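Source file: my_file-v5.cif. Holds: mmCIF, C-alpha atoms; chains and numbers go by the auth columns.
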data_final
loop_
_atom_site.group_PDB
_atom_site.id
_atom_site.type_symbol
_atom_site.label_atom_id
_atom_site.label_comp_id
_atom_site.label_asym_id
_atom_site.label_seq_id
_atom_site.Cartn_x
_atom_site.Cartn_y
_atom_site.Cartn_z
_atom_site.B_iso_or_equiv
_atom_site.auth_seq_id
_atom_site.auth_asym_id
ATOM 1 C CA MET A 1 -29.547 26.146 -4.067 0.00 1045 A
ATOM 2 C CA THR A 2 -31.666 24.979 -1.134 0.00 1046 A
ATOM 3 C CA MET A 3 -30.586 24.477 2.426 0.00 1047 A
ATOM 4 C CA ARG A 4 -30.987 20.995 3.832 0.00 1048 A
ATOM 5 C CA GLU A 5 -32.749 20.693 7.125 0.00 1049 A
ATOM 6 C CA ASN A 6 -30.943 19.192 10.087 0.00 1050 A
ATOM 7 C CA LEU A 7 -32.250 15.649 10.371 0.00 1051 A
ATOM 8 C CA LEU A 8 -31.096 15.297 13.983 0.00 1052 A
ATOM 9 C CA ALA A 9 -33.439 16.302 16.742 0.00 1053 A
ATOM 10 C CA ALA A 10 -32.077 18.978 19.062 0.00 1054 A
ATOM 11 C CA ASP A 11 -31.318 16.427 21.804 0.00 1055 A
ATOM 12 C CA GLN A 12 -29.335 14.177 19.405 0.00 1056 A
ATOM 13 C CA SER A 13 -26.628 16.672 18.524 0.00 1057 A
ATOM 14 C CA CYS A 14 -22.981 15.904 19.183 0.00 1058 A
ATOM 15 C CA PRO A 15 -21.455 17.755 22.133 0.00 1059 A
ATOM 16 C CA PRO A 16 -18.370 19.799 21.157 0.00 1060 A
ATOM 17 C CA GLY A 17 -14.999 18.908 22.597 0.00 1061 A
ATOM 18 C CA THR A 18 -15.347 15.128 22.575 0.00 1062 A
ATOM 19 C CA ALA A 19 -11.927 13.564 23.267 0.00 1063 A
ATOM 20 C CA LEU A 20 -10.890 11.293 20.408 0.00 1064 A
ATOM 21 C CA THR A 21 -8.307 8.536 20.346 0.00 1065 A
ATOM 22 C CA VAL A 22 -5.688 9.218 17.665 0.00 1066 A
ATOM 23 C CA PRO A 23 -3.608 6.068 17.117 0.00 1067 A
ATOM 24 C CA ASP A 24 0.096 6.458 16.393 0.00 1068 A
ATOM 25 C CA GLY A 25 1.296 5.427 12.970 0.00 1069 A
ATOM 26 C CA ASP A 26 3.500 6.313 10.043 0.00 1070 A
ATOM 27 C CA ASP A 27 0.784 7.983 7.990 0.00 1071 A
ATOM 28 C CA ALA A 28 3.159 9.278 5.300 0.00 1072 A
ATOM 29 C CA GLY A 29 4.950 5.944 4.936 0.00 1073 A
ATOM 30 C CA ASP A 30 1.702 3.967 4.893 0.00 1074 A
ATOM 31 C CA ALA A 31 0.253 6.335 2.291 0.00 1075 A
ATOM 32 C CA ALA A 32 3.362 5.954 0.105 0.00 1076 A
ATOM 33 C CA LEU A 33 3.070 2.169 0.251 0.00 1077 A
ATOM 34 C CA LEU A 34 -0.653 2.241 -0.521 0.00 1078 A
ATOM 35 C CA LYS A 35 -0.017 4.615 -3.422 0.00 1079 A
ATOM 36 C CA ALA A 36 2.634 2.257 -4.806 0.00 1080 A
ATOM 37 C CA LEU A 37 0.221 -0.672 -4.486 0.00 1081 A
ATOM 38 C CA ALA A 38 -2.604 1.242 -6.196 0.00 1082 A
ATOM 39 C CA ASP A 39 -1.293 0.359 -9.655 0.00 1083 A
ATOM 40 C CA PRO A 40 -2.416 -2.762 -11.561 0.00 1084 A
ATOM 41 C CA THR A 41 1.074 -3.496 -12.916 0.00 1085 A
ATOM 42 C CA ARG A 42 2.651 -3.254 -9.467 0.00 1086 A
ATOM 43 C CA LEU A 43 0.010 -5.538 -7.989 0.00 1087 A
ATOM 44 C CA LYS A 44 0.765 -8.025 -10.762 0.00 1088 A
ATOM 45 C CA ILE A 45 4.474 -7.811 -9.916 0.00 1089 A
ATOM 46 C CA LEU A 46 3.676 -8.540 -6.263 0.00 1090 A
ATOM 47 C CA ARG A 47 1.572 -11.549 -7.281 0.00 1091 A
ATOM 48 C CA ILE A 48 4.424 -12.857 -9.452 0.00 1092 A
ATOM 49 C CA LEU A 49 6.919 -12.407 -6.608 0.00 1093 A
ATOM 50 C CA ALA A 50 4.550 -14.064 -4.123 0.00 1094 A
ATOM 51 C CA ALA A 51 4.141 -17.079 -6.418 0.00 1095 A
ATOM 52 C CA ASN A 52 7.787 -17.405 -7.477 0.00 1096 A
ATOM 53 C CA GLY A 53 9.908 -16.003 -4.661 0.00 1097 A
ATOM 54 C CA GLU A 54 12.991 -14.133 -5.838 0.00 1098 A
ATOM 55 C CA VAL A 55 12.780 -13.105 -9.511 0.00 1099 A
ATOM 56 C CA CYS A 56 15.296 -11.516 -11.879 0.00 1100 A
ATOM 57 C CA ALA A 57 14.050 -8.229 -13.353 0.00 1101 A
ATOM 58 C CA CYS A 58 14.845 -9.566 -16.820 0.00 1102 A
ATOM 59 C CA ASP A 59 12.234 -12.305 -16.376 0.00 1103 A
ATOM 60 C CA LEU A 60 9.392 -9.844 -15.714 0.00 1104 A
ATOM 61 C CA GLU A 61 9.254 -8.185 -19.146 0.00 1105 A
ATOM 62 C CA GLY A 62 7.461 -11.101 -20.836 0.00 1106 A
ATOM 63 C CA PRO A 63 4.755 -11.810 -18.254 0.00 1107 A
ATOM 64 C CA LEU A 64 4.035 -8.091 -17.839 0.00 1108 A
ATOM 65 C CA GLY A 65 4.167 -7.297 -21.566 0.00 1109 A
ATOM 66 C CA LEU A 66 6.242 -4.202 -20.814 0.00 1110 A
ATOM 67 C CA SER A 67 9.629 -2.875 -21.850 0.00 1111 A
ATOM 68 C CA GLN A 68 12.627 -3.134 -19.530 0.00 1112 A
ATOM 69 C CA PRO A 69 12.632 0.594 -18.611 0.00 1113 A
ATOM 70 C CA THR A 70 8.952 0.458 -17.655 0.00 1114 A
ATOM 71 C CA VAL A 71 9.432 -2.693 -15.574 0.00 1115 A
ATOM 72 C CA SER A 72 12.408 -1.037 -13.852 0.00 1116 A
ATOM 73 C CA HIS A 73 10.305 2.041 -13.083 0.00 1117 A
ATOM 74 C CA HIS A 74 7.588 -0.060 -11.394 0.00 1118 A
ATOM 75 C CA LEU A 75 10.157 -2.093 -9.450 0.00 1119 A
ATOM 76 C CA ARG A 76 11.879 1.102 -8.297 0.00 1120 A
ATOM 77 C CA GLN A 77 8.546 2.416 -6.994 0.00 1121 A
ATOM 78 C CA LEU A 78 7.908 -0.819 -5.075 0.00 1122 A
ATOM 79 C CA VAL A 79 11.413 -0.825 -3.578 0.00 1123 A
ATOM 80 C CA SER A 80 11.094 2.833 -2.611 0.00 1124 A
ATOM 81 C CA ALA A 81 7.761 2.137 -0.877 0.00 1125 A
ATOM 82 C CA GLY A 82 9.256 -0.785 1.065 0.00 1126 A
ATOM 83 C CA ALA A 83 7.140 -3.509 -0.557 0.00 1127 A
ATOM 84 C CA VAL A 84 9.997 -5.222 -2.422 0.00 1128 A
ATOM 85 C CA THR A 85 13.716 -5.843 -1.825 0.00 1129 A
ATOM 86 C CA ARG A 86 16.425 -5.596 -4.491 0.00 1130 A
ATOM 87 C CA ASP A 87 19.593 -7.698 -4.616 0.00 1131 A
ATOM 88 C CA LYS A 88 22.131 -6.692 -7.275 0.00 1132 A
ATOM 89 C CA ARG A 89 24.271 -9.569 -8.585 0.00 1133 A
ATOM 90 C CA GLY A 90 26.690 -8.446 -11.256 0.00 1134 A
ATOM 91 C CA THR A 91 24.607 -6.914 -14.026 0.00 1135 A
ATOM 92 C CA TRP A 92 21.364 -8.511 -12.847 0.00 1136 A
ATOM 93 C CA ALA A 93 18.948 -7.364 -10.172 0.00 1137 A
ATOM 94 C CA TYR A 94 16.778 -9.829 -8.277 0.00 1138 A
ATOM 95 C CA TYR A 95 13.585 -8.781 -6.520 0.00 1139 A
ATOM 96 C CA ALA A 96 11.583 -10.384 -3.715 0.00 1140 A
ATOM 97 C CA LEU A 97 8.707 -9.380 -1.462 0.00 1141 A
ATOM 98 C CA ASP A 98 9.748 -7.396 1.603 0.00 1142 A
ATOM 99 C CA LEU A 99 7.573 -9.132 4.190 0.00 1143 A
ATOM 100 C CA ASP A 100 8.476 -6.622 6.911 0.00 1144 A
ATOM 101 C CA GLY A 101 7.449 -3.741 4.648 0.00 1145 A
ATOM 102 C CA LEU A 102 4.179 -5.397 3.685 0.00 1146 A
ATOM 103 C CA THR A 103 3.447 -6.226 7.331 0.00 1147 A
ATOM 104 C CA ARG A 104 3.921 -2.541 8.095 0.00 1148 A
ATOM 105 C CA ILE A 105 0.784 -1.818 6.066 0.00 1149 A
ATOM 106 C CA THR A 106 -1.311 -4.883 6.914 0.00 1150 A
ATOM 107 C CA SER A 107 -1.223 -4.085 10.632 0.00 1151 A
ATOM 108 C CA PRO A 108 -2.959 -0.686 10.312 0.00 1152 A
ATOM 109 C CA LEU A 109 -5.409 -2.113 7.777 0.00 1153 A
ATOM 110 C CA ALA A 110 -6.320 -4.885 10.218 0.00 1154 A
ATOM 111 C CA MET A 111 -7.281 -2.171 12.705 0.00 1155 A
ATOM 112 C CA PHE A 112 -9.877 -0.885 10.201 0.00 1156 A
ATOM 113 C CA ALA A 113 -11.402 -4.366 9.974 0.00 1157 A
ATOM 114 C CA SER A 114 -12.272 -4.363 13.666 0.00 1158 A
ATOM 115 C CA PRO A 115 -13.141 -0.783 14.649 0.00 1159 A
ATOM 116 C CA VAL A 116 -14.166 0.158 18.171 0.00 1160 A
ATOM 117 C CA ARG A 117 -17.933 0.255 18.429 0.00 1161 A
ATOM 118 C CA SER A 118 -19.674 2.564 20.839 0.00 1162 A
#
Before anything else, please render the file you have as structure tokens.
Amino acid sequence: MTMRENLLAADQSCPPGTALTVPDGDDAGDAALLKALADPTRLKILRILAANGEVCACDLEGPLGLSQPTVSHHLRQLVSAGAVTRDKRGTWAYYALDLDGLTRITSPLAMFASPVRS
């Protein structure tokens, strides 16, 4: 193994102790939502809900090509992450996008699109 030489000149080094801005945020909650969204089936569910509004869970099996227990698992993950709402009506459950929950993640992501430049 070889050591790499420092490509910075001595006068270009970073001074220790630089004060950094650490923005407030719900890192754990945002990470949970991003993790829930990092699944192709769940993204497809969100697209279906965005295009159709409120949808009965029973109507998702066909378009997703998945069994009812698997669809329920994905919906449960999305509800738990705050991306989707669930409304139980008798034996049926209807799902819709949770716009407040999705806004919770788009706001921090928007910050990354316009970082502070020095």
- Item | Explicit residues for the PyMOL selection byres ((chain A and resi 1116) around 12) (as a PyMOL selection string) | chain A and resi 1085-1086+1089+1100-1105+1108+1110-1115+1117-1124+1130+1136-1139
Chain and number of each residue from the PyMOL selection byres ((chain A and resi 1145) around 9), as a short mmCIF file (atom, residue, chain, number, x, y, z; two decimals) with C-alpha atoms, in the coordinates of the input:
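Produced file result.cif, reproduced below:
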data_model
loop_
_atom_site.label_atom_id
_atom_site.label_comp_id
_atom_site.auth_asym_id
_atom_site.auth_seq_id
_atom_site.Cartn_x
_atom_site.Cartn_y
_atom_site.Cartn_z
CA LEU A 1077 3.07 2.17 0.25
CA ALA A 1125 7.76 2.14 -0.88
CA GLY A 1126 9.26 -0.78 1.06
CA ALA A 1127 7.14 -3.51 -0.56
CA VAL A 1128 10.00 -5.22 -2.42
CA LEU A 1141 8.71 -9.38 -1.46
CA ASP A 1142 9.75 -7.40 1.60
CA LEU A 1143 7.57 -9.13 4.19
CA ASP A 1144 8.48 -6.62 6.91
CA LEU A 1146 4.18 -5.40 3.68
CA THR A 1147 3.45 -6.23 7.33
CA ARG A 1148 3.92 -2.54 8.10
CA ILE A 1149 0.78 -1.82 6.07
#
- Query: Quick one: of A:Gly1069, A:Arg1133, A:Ala1076, A:Cys1058, who's nearest to Ser1151 (chain A), counting all atoms listed in the file?
  - Reply: A:Gly1069
- Task: Could you jot down the CA of Ala1140 (chain A) to CA of Ala1075 (chain A) separation for me, Å, one decimal place?
- Result: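 That distance, rounded to one decimal, is 21.1 Å.
Across the structure, CA of Ala1154 (chain A) and CA of Leu1064 (chain A) are spaced 19.7 Å apart.
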- Query: So how far away is CA of Asp1131 (chain A) from CA of Ile1092 (chain A), in Å?
  - Reply: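 Between these atoms lies a distance of 16.7 Å.
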- Message: So, with all atoms listed in the file as the atoms that count, which of A:Gly1073, A:Gly1109, A:Asp1068, A:Gly1134 lies closest to Lys1088 (chain A)?
- Response: A:Gly1109
Specify the axis-aligned box that encloses all atoms of region 1140-1150 of chain A listed in the file after padding of 8 Å on each side, stating its centre and edge lengths in Å to one decimal as AutoDock Vina command-line options.
--center_x 5.1 --center_y -6.1 --center_z 2.2 --size_x 28.9 --size_y 24.6 --size_z 27.8
Could N, CA and C atoms be built for region 1111-1135 of chain A and written out as a short mmCIF file (atom, residue, chain, number, x, y, z; two decimals), in the coordinates of the input?
data_model
loop_
_atom_site.label_atom_id
_atom_site.label_comp_id
_atom_site.auth_asym_id
_atom_site.auth_seq_id
_atom_site.Cartn_x
_atom_site.Cartn_y
_atom_site.Cartn_z
N SER A 1111 8.21 -3.02 -21.55
CA SER A 1111 9.63 -2.88 -21.85
C SER A 1111 10.44 -2.86 -20.56
N GLN A 1112 11.74 -3.09 -20.69
CA GLN A 1112 12.63 -3.13 -19.53
C GLN A 1112 12.62 -1.82 -18.75
N PRO A 1113 12.67 -0.64 -19.40
CA PRO A 1113 12.63 0.59 -18.61
C PRO A 1113 11.34 0.76 -17.81
N THR A 1114 10.23 0.34 -18.37
CA THR A 1114 8.95 0.46 -17.66
C THR A 1114 8.90 -0.51 -16.48
N VAL A 1115 9.37 -1.72 -16.67
CA VAL A 1115 9.43 -2.69 -15.57
C VAL A 1115 10.33 -2.14 -14.46
N SER A 1116 11.48 -1.60 -14.84
CA SER A 1116 12.41 -1.04 -13.85
C SER A 1116 11.77 0.10 -13.08
N HIS A 1117 11.00 0.94 -13.75
CA HIS A 1117 10.30 2.04 -13.08
C HIS A 1117 9.36 1.50 -12.01
N HIS A 1118 8.54 0.51 -12.36
CA HIS A 1118 7.59 -0.06 -11.39
C HIS A 1118 8.31 -0.73 -10.23
N LEU A 1119 9.39 -1.45 -10.51
CA LEU A 1119 10.16 -2.09 -9.45
C LEU A 1119 10.79 -1.05 -8.52
N ARG A 1120 11.29 0.03 -9.09
CA ARG A 1120 11.88 1.10 -8.30
C ARG A 1120 10.84 1.71 -7.34
N GLN A 1121 9.62 1.88 -7.83
CA GLN A 1121 8.55 2.42 -6.99
C GLN A 1121 8.23 1.46 -5.83
N LEU A 1122 8.20 0.17 -6.11
CA LEU A 1122 7.91 -0.82 -5.08
C LEU A 1122 9.03 -0.91 -4.04
N VAL A 1123 10.27 -0.81 -4.50
CA VAL A 1123 11.41 -0.82 -3.58
C VAL A 1123 11.38 0.43 -2.70
N SER A 1124 11.14 1.56 -3.33
CA SER A 1124 11.09 2.83 -2.61
C SER A 1124 10.00 2.84 -1.55
N ALA A 1125 8.88 2.19 -1.82
CA ALA A 1125 7.76 2.14 -0.88
C ALA A 1125 7.98 1.09 0.22
N GLY A 1126 8.98 0.23 0.05
CA GLY A 1126 9.26 -0.78 1.06
C GLY A 1126 8.49 -2.08 0.88
N ALA A 1127 7.91 -2.29 -0.31
CA ALA A 1127 7.14 -3.51 -0.56
C ALA A 1127 8.01 -4.63 -1.13
N VAL A 1128 9.14 -4.27 -1.71
CA VAL A 1128 10.00 -5.22 -2.42
C VAL A 1128 11.46 -4.94 -2.08
N THR A 1129 12.27 -6.00 -2.02
CA THR A 1129 13.72 -5.84 -1.82
C THR A 1129 14.43 -6.06 -3.15
N ARG A 1130 15.62 -5.48 -3.27
CA ARG A 1130 16.42 -5.60 -4.49
C ARG A 1130 17.80 -6.11 -4.11
N ASP A 1131 18.27 -7.14 -4.84
CA ASP A 1131 19.59 -7.70 -4.62
C ASP A 1131 20.34 -7.68 -5.94
N LYS A 1132 21.36 -6.84 -6.03
CA LYS A 1132 22.13 -6.69 -7.28
C LYS A 1132 23.22 -7.75 -7.30
N ARG A 1133 23.25 -8.52 -8.40
CA ARG A 1133 24.27 -9.57 -8.59
C ARG A 1133 24.89 -9.37 -9.96
N GLY A 1134 26.05 -8.76 -9.98
CA GLY A 1134 26.69 -8.45 -11.26
C GLY A 1134 25.84 -7.44 -12.02
N THR A 1135 25.44 -7.82 -13.22
CA THR A 1135 24.61 -6.91 -14.03
C THR A 1135 23.12 -7.16 -13.82
#
